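Report on the following structure.
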Amino acid sequence: MKVYVNGRLYPKAKACVSVFDHGLLYGDGVFEGIRAYNGRVFRLDEHLERLENSARAIMLRVPMSREGMKRAVLATLRANNFGKKGAYIRLVLTRGVGDLGLDPRKCRRETLIIIADRINLYPEKFYRHGLAVMTVATRRNTAETVNPRIKSLNYLNNILAKIEANNYGVLEAIMLNADGYVAECTGDNVFILRRGRLITPPLHMGALEGVTRNVVISLARDLGIPVAEEAFTRYDLYTAEECFLTGTAAEIVPVSNVDSRPIADGRPGPVTLRLIEKFRELTRSEGVPI
Ligand code: PMP
C-alpha cells in the first residue's frame, strides 16, 4: 500500500506524521471518507466541498485547489491499483506540526494525508435482515461546542457513544441532541418512514450534512416519496414504519430494531429496499474516472 503524505507517496510502513502534529495532539483538523466503485470516485466534488467548508469553519487552509485535491486523490488510487476496483479513501487535513501549546499559529504548514484502502463496515446479512441499534446516554455535541456540521478530527463525542453501544453488544448508536431530539449515529445519518413520509433530522439538530443523506433525499424525491427534514424523538423511532442509516462506508443499511423494539415486523421495509437498489444503481453508473 502507498500512502500520500504532503505531496509524496510512501510505502505504508514509512507513511508517518510527527508526534507534534496538532491533528494527533488535539484533534485539530478535518477529514473525509470517500468511496470509489468500479473505477470511479463517487461524489468527489461533494466530499471536497465539505472538506473545504469544514476547514474554513476552523480557519484551516486547504493547501491545494479543488482540482489539485482531485489529482492527489486520483494519483493515490492509481498508485494502489484501484483503477478498476472499489476503494475507500480517507482524506485527512491537520493543522500540522506545532509545539505542545494549543496555539494553532505555531503550526506553520498543514499536513495532508490520503489513504486508499478497502472497507466493509457491516457484513452483508445486515443489508438483508437489518441492523439492531440503540440510543445512548452520550448526547451529540452542540453547535456552540464542537459543531457537528464540521467533519473534524475531534470524534471523541462519537467514540464515547460507540463505546456505550459496544458495551451492550450493539453495532451502532443513535445519538440524541442536548434537547433530546434524534440527531444522528456515530458515523451515519438516520432516516425514518412515518405515514409514508421519509424524515431525517434537520442539520441544525446536530447532524453532519452527509453526502449519502443528500443522495438519498434526491433519490426519494425522484421516486415520488415525500421527504422532510424534521425534528423527531425516540418515540418516533419506536413507532416508525421503516428506519435506515446512511453513510459513505455503510451506504444504506436497514434498521431492524431500536432499543430492542422491532421496527414494524423487524424486516427491511419496501421503501428502504427500493432506495438501496436505486443507490446501488447510481454508484455503479456515476463518478469521476480513476
Ligand atoms: N454523520 C457522521 C457523524 C459521520 O461521521 C458520517 C460519515 N462521514 C455521516 C454522518 C455520513 O456522512 P456521509 O454520507 O457523507 O459519509
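Naming scheme: A, B, ... for chains in displayed order of the C-alpha cells; residues 1 onward per chain; ligands 1 onward as shown.
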
Check which residues fall inside 6 Å of ligand 1 when counting only C-alpha atoms and all ligand atoms, and print them as a PDB file with N, CA and C atoms, in the first residue's frame.
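Final file, out.pdb:
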ATOM      1  N   GLY A  33     -14.325  10.779   4.275  1.00  0.00           N
ATOM      2  CA  GLY A  33     -14.314   9.381   3.841  1.00  0.00           C
ATOM      3  C   GLY A  33     -15.055   9.312   2.520  1.00  0.00           C
ATOM      4  N   THR A 186     -23.152   7.488  15.182  1.00  0.00           N
ATOM      5  CA  THR A 186     -21.751   7.870  15.426  1.00  0.00           C
ATOM      6  C   THR A 186     -21.017   8.150  14.117  1.00  0.00           C
ATOM      7  N   GLY A 187     -21.462   7.508  13.034  1.00  0.00           N
ATOM      8  CA  GLY A 187     -20.817   7.760  11.751  1.00  0.00           C
ATOM      9  C   GLY A 187     -21.789   7.704  10.587  1.00  0.00           C
ATOM     10  N   ASP A 188     -23.070   7.834  10.880  1.00  0.00           N
ATOM     11  CA  ASP A 188     -24.106   7.743   9.845  1.00  0.00           C
ATOM     12  C   ASP A 188     -25.245   8.701  10.156  1.00  0.00           C
ATOM     13  N   ASN A 189     -25.988   9.072   9.135  1.00  0.00           N
ATOM     14  CA  ASN A 189     -27.245   9.802   9.338  1.00  0.00           C
ATOM     15  C   ASN A 189     -28.374   8.791   9.499  1.00  0.00           C
ATOM     16  N   LEU A 208     -24.400  15.849  10.742  1.00  0.00           N
ATOM     17  CA  LEU A 208     -23.486  16.175   9.643  1.00  0.00           C
ATOM     18  C   LEU A 208     -24.295  16.157   8.344  1.00  0.00           C
ATOM     19  N   GLY A 210     -24.544  14.700   5.509  1.00  0.00           N
ATOM     20  CA  GLY A 210     -23.982  13.523   4.862  1.00  0.00           C
ATOM     21  C   GLY A 210     -24.165  13.580   3.350  1.00  0.00           C
ATOM     22  N   VAL A 211     -23.131  13.191   2.647  1.00  0.00           N
ATOM     23  CA  VAL A 211     -23.221  13.123   1.186  1.00  0.00           C
ATOM     24  C   VAL A 211     -24.260  12.067   0.807  1.00  0.00           C
ATOM     25  N   THR A 212     -24.253  10.949   1.518  1.00  0.00           N
ATOM     26  CA  THR A 212     -25.221   9.874   1.244  1.00  0.00           C
ATOM     27  C   THR A 212     -26.634  10.345   1.593  1.00  0.00           C
ATOM     28  N   ARG A 213     -26.747  11.081   2.695  1.00  0.00           N
ATOM     29  CA  ARG A 213     -28.048  11.669   3.098  1.00  0.00           C
ATOM     30  C   ARG A 213     -28.618  12.490   1.949  1.00  0.00           C
ATOM     31  N   THR A 246     -27.616   6.042   6.816  1.00  0.00           N
ATOM     32  CA  THR A 246     -26.874   6.310   5.583  1.00  0.00           C
ATOM     33  C   THR A 246     -25.481   6.838   5.897  1.00  0.00           C
ATOM     34  N   GLY A 247     -24.508   6.404   5.103  1.00  0.00           N
ATOM     35  CA  GLY A 247     -23.148   6.908   5.239  1.00  0.00           C
ATOM     36  C   GLY A 247     -22.304   6.368   4.100  1.00  0.00           C
ATOM     37  N   THR A 248     -21.193   7.017   3.857  1.00  0.00           N
ATOM     38  CA  THR A 248     -20.334   6.615   2.747  1.00  0.00           C
ATOM     39  C   THR A 248     -19.867   5.175   2.903  1.00  0.00           C
TER      40      THR A 248
END

Would you please extract all alpha helix (DSSP H) residues from range 125-158 of chain A, as assigned by DSSP on the backbone, and give them as a PyMOL selection string? chain A and resi 125-129+156-158

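Of the residues under consideration (A:Met1, A:Asn177, A:Arg66, A:Pro104), A:Met1 shows the shortest atom-to-atom contact distance to Ala13 in chain A when counting only C-alpha atoms.
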
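If you look at CA of Lys162 in chain A and CA of Tyr26 in chain A, they are 20.0 Å away from each other.
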
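The protein and nucleic acid residues lying at most 10 Å from Tyr88 in chain A are A:Gly33, A:Ile34, A:Arg35, A:Ala36, A:Tyr37, A:Val41, A:Leu77, A:Phe82, A:Leu91, A:Ile115, A:Ala116, A:Asp117, A:Arg118, A:Ile119, A:Asn120, A:Thr248, A:Ala249, with only C-alpha atoms considered and sequence neighbours fewer than 3 positions away removed.
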
Put those residues in a file: N, CA and C atoms, as a short mmCIF file (atom, residue, chain, number, x, y, z; two decimals), in the first residue's frame.
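Contents of again.cif, as written:
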data_model
loop_
_atom_site.label_atom_id
_atom_site.label_comp_id
_atom_site.auth_asym_id
_atom_site.auth_seq_id
_atom_site.Cartn_x
_atom_site.Cartn_y
_atom_site.Cartn_z
N GLY A 33 -14.32 10.78 4.28
CA GLY A 33 -14.31 9.38 3.84
C GLY A 33 -15.05 9.31 2.52
N ILE A 34 -14.40 8.80 1.50
CA ILE A 34 -14.95 8.84 0.12
C ILE A 34 -14.90 7.41 -0.43
N ARG A 35 -15.84 7.08 -1.33
CA ARG A 35 -15.84 5.74 -1.93
C ARG A 35 -15.59 5.80 -3.42
N ALA A 36 -14.91 4.77 -3.90
CA ALA A 36 -14.82 4.57 -5.36
C ALA A 36 -15.47 3.22 -5.66
N TYR A 37 -16.26 3.22 -6.73
CA TYR A 37 -16.92 1.98 -7.18
C TYR A 37 -16.52 1.74 -8.63
N VAL A 41 -14.79 7.48 -8.73
CA VAL A 41 -14.95 8.05 -7.38
C VAL A 41 -16.32 8.70 -7.28
N LEU A 77 -5.09 6.67 -5.70
CA LEU A 77 -5.83 5.48 -6.10
C LEU A 77 -5.07 4.69 -7.18
N PHE A 82 -6.10 0.83 -7.76
CA PHE A 82 -7.55 0.81 -7.55
C PHE A 82 -8.30 1.25 -8.80
N LEU A 91 -9.29 11.04 3.53
CA LEU A 91 -8.54 12.29 3.37
C LEU A 91 -8.43 12.94 4.74
N ILE A 115 -5.27 8.20 2.21
CA ILE A 115 -5.11 6.74 2.31
C ILE A 115 -6.19 6.08 1.46
N ALA A 116 -5.79 5.15 0.61
CA ALA A 116 -6.77 4.40 -0.19
C ALA A 116 -6.72 2.95 0.26
N ASP A 117 -7.87 2.44 0.67
CA ASP A 117 -7.91 1.08 1.21
C ASP A 117 -9.26 0.46 0.84
N ARG A 118 -9.56 -0.67 1.44
CA ARG A 118 -10.88 -1.28 1.25
C ARG A 118 -11.64 -1.10 2.55
N ILE A 119 -12.96 -1.11 2.46
CA ILE A 119 -13.75 -1.06 3.69
C ILE A 119 -14.97 -1.95 3.55
N ASN A 120 -15.29 -2.63 4.61
CA ASN A 120 -16.50 -3.43 4.66
C ASN A 120 -17.07 -3.23 6.05
N THR A 248 -21.19 7.02 3.86
CA THR A 248 -20.33 6.62 2.75
C THR A 248 -19.87 5.18 2.90
N ALA A 249 -19.45 4.82 4.11
CA ALA A 249 -18.95 3.46 4.33
C ALA A 249 -20.11 2.48 4.43
#

Tell me which protein, DNA and RNA residues are within 12 Å of Lys125 in chain A, counting only C-alpha atoms, leaving out same-chain ones fewer than 2 positions away, and put them as number ranges by chain. A: 121-123, 127-132, 253-256, 267-268

Give me the residues near Glu281 in chain A as a ChimeraX atom specification, where near means some atom within 12 Å (using only C-alpha atoms) and where sequence neighbours in that chain fewer than 5 positions away do not count. /A:37-38,42,219,274-276,286-287

Do you know which residues are at most 8 Å from Leu176 in chain A counting only C-alpha atoms, after dropping those on the same chain fewer than 6 positions away, and could you put them as a PDB file with C-alpha atoms, in the first residue's frame?
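Wrote result_32.pdb, looks like this:
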ATOM      1  CA  THR A 135     -29.979   5.189  21.655  1.00  0.00           C
ATOM      2  CA  VAL A 136     -27.221   6.090  24.090  1.00  0.00           C
ATOM      3  CA  THR A 138     -23.943  10.432  25.365  1.00  0.00           C
ATOM      4  CA  ARG A 139     -25.558  13.446  23.703  1.00  0.00           C
ATOM      5  CA  ARG A 140     -24.385  14.890  20.385  1.00  0.00           C
ATOM      6  CA  VAL A 182     -32.689  12.390  17.438  1.00  0.00           C
ATOM      7  CA  ALA A 183     -29.527  13.805  15.818  1.00  0.00           C
ATOM      8  CA  GLU A 184     -27.576  11.078  14.016  1.00  0.00           C
TER       9      GLU A 184
END

Strand (DSSP E) residues, from DSSP on the backbone, in range 64-282 of chain A, as a ChimeraX atom specification: /A:87-94,111-117,131-135,172-176,182-185,189-194,197-200,227-229,242-247,251-258,261-262

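For the set A:Asp103, A:Glu242, A:Asp236, A:Asp45, the residue with the smallest atom-to-atom gap to Gly269 in chain A is A:Glu242, counting only C-alpha atoms.
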
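Nearest to Tyr181 in chain A of all the residues A:Ala161, A:Leu237, A:Val133, A:Met59 is A:Leu237, counting only C-alpha atoms.
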
Select, from A:Tyr238, A:Lys84, A:Glu164, A:Asn158, the residue with the minimum atom-to-atom distance to Arg40 in chain A, counting only C-alpha atoms. A:Lys84

Using only C-alpha atoms for the distances, tell me which of A:Arg8, A:Thr94, A:Val170, A:Val17 is nearest to Phe31 in chain A. A:Thr94

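Excluding Ala220 in chain A itself and same-chain residues fewer than 3 positions from it, the residues having an atom within 10 Å of it are A:Arg197, A:Leu198, A:Asn214, A:Val215, A:Val216, A:Ile217, A:Leu223, A:Gly224, A:Ile225, A:Pro226, A:Val227, A:Val271, A:Thr272, A:Arg274, A:Leu275, A:Lys278, counting only C-alpha atoms.
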
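Reported to one decimal place, the separation of CA of Asn257 in chain A from CA of Thr283 in chain A is 27.1 Å.
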
From CA of Arg284 in chain A to CA of Ser54 in chain A the spacing works out at 28.1 Å
